[in-house]
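Chemist: Could you have a look at this structure, given as structure tokens, before my questions?
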Amino acid sequence: MKVDGRHFRSIWLAEDGWSVDAIDQRRLPHEFVIAHLTGASDATEAIRSMLVRGAPLIGATAAYGMALAMREDASDAALDHAYTMLLAARPTAINLKWALDEMVRLLRPLPPSERMAAAYRRAIEIADEDVAINQGIGRNGLTLIEQIASTKPPGEAVNILTHCNAGWLATVDWGTATAPIYMAHDRGIRVHVWVDETRPRNQGASLTAWELGHHGVPHTVIPDNTGGHLMQHRMVDLAIVGTDRVTAGGDVCNKIGTYLKALAAYDNGVPFYVALPSPTIDFSIDDGLREIPIEQRGAEEVATMTGRTADGRIETVRVVPDGSPVANYAFDVTPARLVTGLITERGVLRAERAALASAFPERSAGH
Ligand code: MRU
């Protein structure tokens, strides 16, 4: 998507043809900084520190990380080491394991002399595939927005609520939850997005609002607790969120707070859609509540807030009393029964085992 008129992806091969550039998402919305990754440990640290984040982008970064690893040392031992190191960077998004498994399946049978070139080719392909998948999600989600738009009085916007950032910054380009929104906006459909701020890291307020603003999509940032009130007052036509892992049975793991929005949507009859690329489906597990590891992050993310002062300095301030313990669960699980539909690159599916398996037979086979 465009930043000040120039097209960017969230991650790309640098001009030197071997290192990797990525937008440093820790610095947005106040500073636009490009980070330069030159080794597998840089890629690991970028994922761990959330310089890059969002399930599909974590996967693409890991694929590039494997290519950087093969450039340093293409032995079997180095392959295993890079896999283990990158996999440990974050626990919840299954796209990380998917991308690493893809790379190892391709690289292991090759002689070490061929591994580096093959790894770069596949990493670039994984990034390009992500863009194409998201465009497919966009086209399928667009039909849902068009349907709702056709029921509205002329000139009235379709109000869409989203949580966290499942936008182009969370993927390689387009985003998952945002792809249908961008496509609707580009086709002249009036849309307005309610953007949950998404404490504690504020991916909604910092990243989704920044993205939508740069693309000219009307939006309003709301505190996380506001969605239920808006739904009770018929101010939300549909919710579209992203996900870090969907089970074979359609349970959805996403940023903490997603479950509460799904409950409010269910109680108010608001359609609740989840947009996902197929690498986010984990056909090896059924029960999202018991089987998905939920990342717990540092207390400082909850105890402090970072922002820009009136005179332009970036500062971090403490908002919790010294000594008060805090908890920081980064994700929660929304049971399939609360999900209206899964917007995938192969259509809008019911959140059910049979629908997922028949849309993605090559992925579900063997599970
Ligand atoms: O902790 P984050 O910022 O990596 O969490 C991101 C999300 O929860 C997104 O909704 C999810 O990864 C889908 S991104 C298309």
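Note on naming: chains are A, B, ... as they come in the structure tokens, residues start from 1 per chain, ligands start from 1 in the order shown.
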Quick one: residues within 7 Å of range 223-225 of chain A, only C-alpha atoms, excluding same-chain residues fewer than 4 positions away - as a list in words?
Modeler: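 Near range 223-225 of chain A, the qualifying residues are Asp196, Glu197 and Thr198 of chain A.
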Chemist: What would the file look like if the residues just selected were written as a PDB file, in the first residue's frame with N, CA, C and O atoms?
Modeler:
```pdb
ATOM      1  N   ASP A 196     -10.566  -0.424  17.246  1.00  0.00           N
ATOM      2  CA  ASP A 196     -10.264  -0.651  18.673  1.00  0.00           C
ATOM      3  C   ASP A 196      -8.813  -0.253  18.939  1.00  0.00           C
ATOM      4  O   ASP A 196      -7.896  -0.699  18.233  1.00  0.00           O
ATOM      5  N   GLU A 197      -8.570   0.499  19.986  1.00  0.00           N
ATOM      6  CA  GLU A 197      -7.174   0.930  20.246  1.00  0.00           C
ATOM      7  C   GLU A 197      -6.251  -0.277  20.484  1.00  0.00           C
ATOM      8  O   GLU A 197      -5.105  -0.275  20.093  1.00  0.00           O
ATOM      9  N   THR A 198      -6.773  -1.301  21.172  1.00  0.00           N
ATOM     10  CA  THR A 198      -6.054  -2.563  21.362  1.00  0.00           C
ATOM     11  C   THR A 198      -4.878  -2.446  22.331  1.00  0.00           C
ATOM     12  O   THR A 198      -3.714  -2.619  21.985  1.00  0.00           O
TER      13      THR A 198
END
```
Chemist: Give me, as a ChimeraX atom specification, all polymer residues having an atom no more than 7 Å from Ala35 in chain A, counting only C-alpha atoms and skipping those fewer than 2 positions away in the same chain.
Modeler: /A:21-24,33,37
Chemist: How would you report the residues lying within 6 Å of ligand 1, as a list in words, if you count only C-alpha atoms and all ligand atoms?
Modeler: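 Residues satisfying the distance criterion: Arg53, Gly54, Ala55, Pro56, Cys164, Asn165, Ala166, Ala170, Thr171, Gly175, Thr176, Gly242, Thr243, Asp244, Asn254 and Lys255 of chain A.
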Chemist: Give me, as a PDB file with all heavy atoms, in the first residue's frame, all polymer residues having an atom no more than 8 Å from Val317 in chain A, counting only C-alpha atoms and skipping those fewer than 2 positions away in the same chain.
Modeler:
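What landed in around.pdb:
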```
ATOM      1  N   THR A 304       3.041   0.621  31.379  1.00  0.00           N
ATOM      2  CA  THR A 304       3.494   1.895  30.805  1.00  0.00           C
ATOM      3  C   THR A 304       2.768   2.188  29.495  1.00  0.00           C
ATOM      4  O   THR A 304       2.171   1.304  28.896  1.00  0.00           O
ATOM      5  CB  THR A 304       5.017   1.853  30.501  1.00  0.00           C
ATOM      6  OG1 THR A 304       5.252   0.886  29.480  1.00  0.00           O
ATOM      7  CG2 THR A 304       5.836   1.509  31.731  1.00  0.00           C
ATOM      8  N   MET A 305       2.840   3.436  29.086  1.00  0.00           N
ATOM      9  CA  MET A 305       2.361   3.823  27.750  1.00  0.00           C
ATOM     10  C   MET A 305       3.401   4.730  27.110  1.00  0.00           C
ATOM     11  O   MET A 305       4.036   5.527  27.796  1.00  0.00           O
ATOM     12  CB  MET A 305       1.008   4.533  27.827  1.00  0.00           C
ATOM     13  CG  MET A 305      -0.116   3.573  28.153  1.00  0.00           C
ATOM     14  SD  MET A 305      -1.736   4.338  28.051  1.00  0.00           S
ATOM     15  CE  MET A 305      -2.019   4.273  26.297  1.00  0.00           C
ATOM     16  N   THR A 306       3.541   4.583  25.787  1.00  0.00           N
ATOM     17  CA  THR A 306       4.519   5.395  25.056  1.00  0.00           C
ATOM     18  C   THR A 306       3.788   6.272  24.051  1.00  0.00           C
ATOM     19  O   THR A 306       2.836   5.825  23.410  1.00  0.00           O
ATOM     20  CB  THR A 306       5.517   4.466  24.315  1.00  0.00           C
ATOM     21  OG1 THR A 306       6.182   3.666  25.284  1.00  0.00           O
ATOM     22  CG2 THR A 306       6.558   5.268  23.537  1.00  0.00           C
ATOM     23  N   GLU A 315       8.049   9.617  24.503  1.00  0.00           N
ATOM     24  CA  GLU A 315       8.303   9.324  25.913  1.00  0.00           C
ATOM     25  C   GLU A 315       7.440   8.176  26.390  1.00  0.00           C
ATOM     26  O   GLU A 315       6.337   7.946  25.898  1.00  0.00           O
ATOM     27  CB  GLU A 315       8.004  10.557  26.759  1.00  0.00           C
ATOM     28  CG  GLU A 315       9.085  11.605  26.616  1.00  0.00           C
ATOM     29  CD  GLU A 315       9.288  12.404  27.890  1.00  0.00           C
ATOM     30  OE1 GLU A 315       8.412  12.346  28.786  1.00  0.00           O
ATOM     31  OE2 GLU A 315      10.321  13.098  27.970  1.00  0.00           O
ATOM     32  N   VAL A 319       1.656   4.050  34.062  1.00  0.00           N
ATOM     33  CA  VAL A 319       0.248   4.353  34.355  1.00  0.00           C
ATOM     34  C   VAL A 319      -0.305   3.451  35.463  1.00  0.00           C
ATOM     35  O   VAL A 319      -1.472   3.563  35.815  1.00  0.00           O
ATOM     36  CB  VAL A 319      -0.636   4.222  33.082  1.00  0.00           C
ATOM     37  CG1 VAL A 319      -0.322   5.326  32.092  1.00  0.00           C
ATOM     38  CG2 VAL A 319      -0.498   2.855  32.422  1.00  0.00           C
TER      39      VAL A 319
END
```
Chemist: Output as a PyMOL selection string all residues of range 30-103 of chain A that backbone DSSP marks as helix (DSSP H, G or I).
Modeler: chain A and resi 40-48+55-72+76-87+94-103
Chemist: Output C-alpha atoms of each residue in that selection to a file, as a JSON list (two decimals), in the first residue's frame.
Modeler:
```
[["chain", "number", "residue", "atom", "x", "y", "z"],
["A", 40, "ALA", "CA", 18.98, -15.02, 11.02],
["A", 41, "SER", "CA", 19.46, -13.64, 14.51],
["A", 42, "ASP", "CA", 18.31, -10.19, 13.30],
["A", 43, "ALA", "CA", 15.16, -11.78, 11.87],
["A", 44, "THR", "CA", 14.56, -13.65, 15.14],
["A", 45, "GLU", "CA", 15.00, -10.50, 17.18],
["A", 46, "ALA", "CA", 12.74, -8.54, 14.81],
["A", 47, "ILE", "CA", 9.93, -11.05, 15.44],
["A", 48, "ARG", "CA", 10.59, -11.30, 19.19],
["A", 55, "ALA", "CA", 0.82, -13.65, 11.86],
["A", 56, "PRO", "CA", 1.45, -13.59, 8.08],
["A", 57, "LEU", "CA", 4.33, -11.12, 8.37],
["A", 58, "ILE", "CA", 5.91, -13.19, 11.14],
["A", 59, "GLY", "CA", 5.83, -16.14, 8.71],
["A", 60, "ALA", "CA", 7.35, -14.15, 5.84],
["A", 61, "THR", "CA", 10.08, -12.77, 8.13],
["A", 62, "ALA", "CA", 10.94, -16.28, 9.28],
["A", 63, "ALA", "CA", 11.25, -17.42, 5.65],
["A", 64, "TYR", "CA", 13.65, -14.55, 4.93],
["A", 65, "GLY", "CA", 15.42, -15.41, 8.19],
["A", 66, "MET", "CA", 16.07, -18.93, 6.88],
["A", 67, "ALA", "CA", 17.50, -17.46, 3.67],
["A", 68, "LEU", "CA", 19.81, -15.21, 5.70],
["A", 69, "ALA", "CA", 20.81, -18.26, 7.78],
["A", 70, "MET", "CA", 21.68, -20.27, 4.65],
["A", 71, "ARG", "CA", 23.84, -17.39, 3.43],
["A", 72, "GLU", "CA", 25.82, -17.57, 6.68],
["A", 76, "ASP", "CA", 22.40, -29.36, 8.25],
["A", 77, "ALA", "CA", 23.38, -28.16, 11.72],
["A", 78, "ALA", "CA", 22.84, -24.51, 10.71],
["A", 79, "LEU", "CA", 19.48, -25.36, 9.17],
["A", 80, "ASP", "CA", 18.35, -27.01, 12.40],
["A", 81, "HIS", "CA", 19.71, -24.19, 14.52],
["A", 82, "ALA", "CA", 17.98, -21.47, 12.47],
["A", 83, "TYR", "CA", 14.67, -23.41, 12.57],
["A", 84, "THR", "CA", 14.78, -23.79, 16.35],
["A", 85, "MET", "CA", 15.86, -20.21, 16.99],
["A", 86, "LEU", "CA", 13.22, -18.64, 14.73],
["A", 87, "LEU", "CA", 10.44, -20.94, 15.94],
["A", 94, "ILE", "CA", 1.02, -20.73, 13.48],
["A", 95, "ASN", "CA", 2.23, -18.97, 10.31],
["A", 96, "LEU", "CA", 5.70, -18.95, 11.88],
["A", 97, "LYS", "CA", 5.84, -22.75, 12.04],
["A", 98, "TRP", "CA", 4.13, -23.08, 8.65],
["A", 99, "ALA", "CA", 6.77, -20.93, 6.93],
["A", 100, "LEU", "CA", 9.68, -22.64, 8.70],
["A", 101, "ASP", "CA", 8.32, -26.10, 7.82],
["A", 102, "GLU", "CA", 7.96, -25.02, 4.19],
["A", 103, "MET", "CA", 11.57, -23.89, 4.11]]
```
Chemist: Write out as a count of residues only the residues lying within 10 Å of Arg337 in chain A, counting only C-alpha atoms and excluding same-chain residues fewer than 6 positions away.
Modeler: 8
Chemist: Check the smallest atom-to-atom distance from each of A:Ala209, A:Thr226, A:His30, A:Val158 to Thr309 in chain A using only C-alpha atoms, then report the winner.
Modeler: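 Counting only C-alpha atoms, the residue closest to Thr309 in chain A is A:His30.
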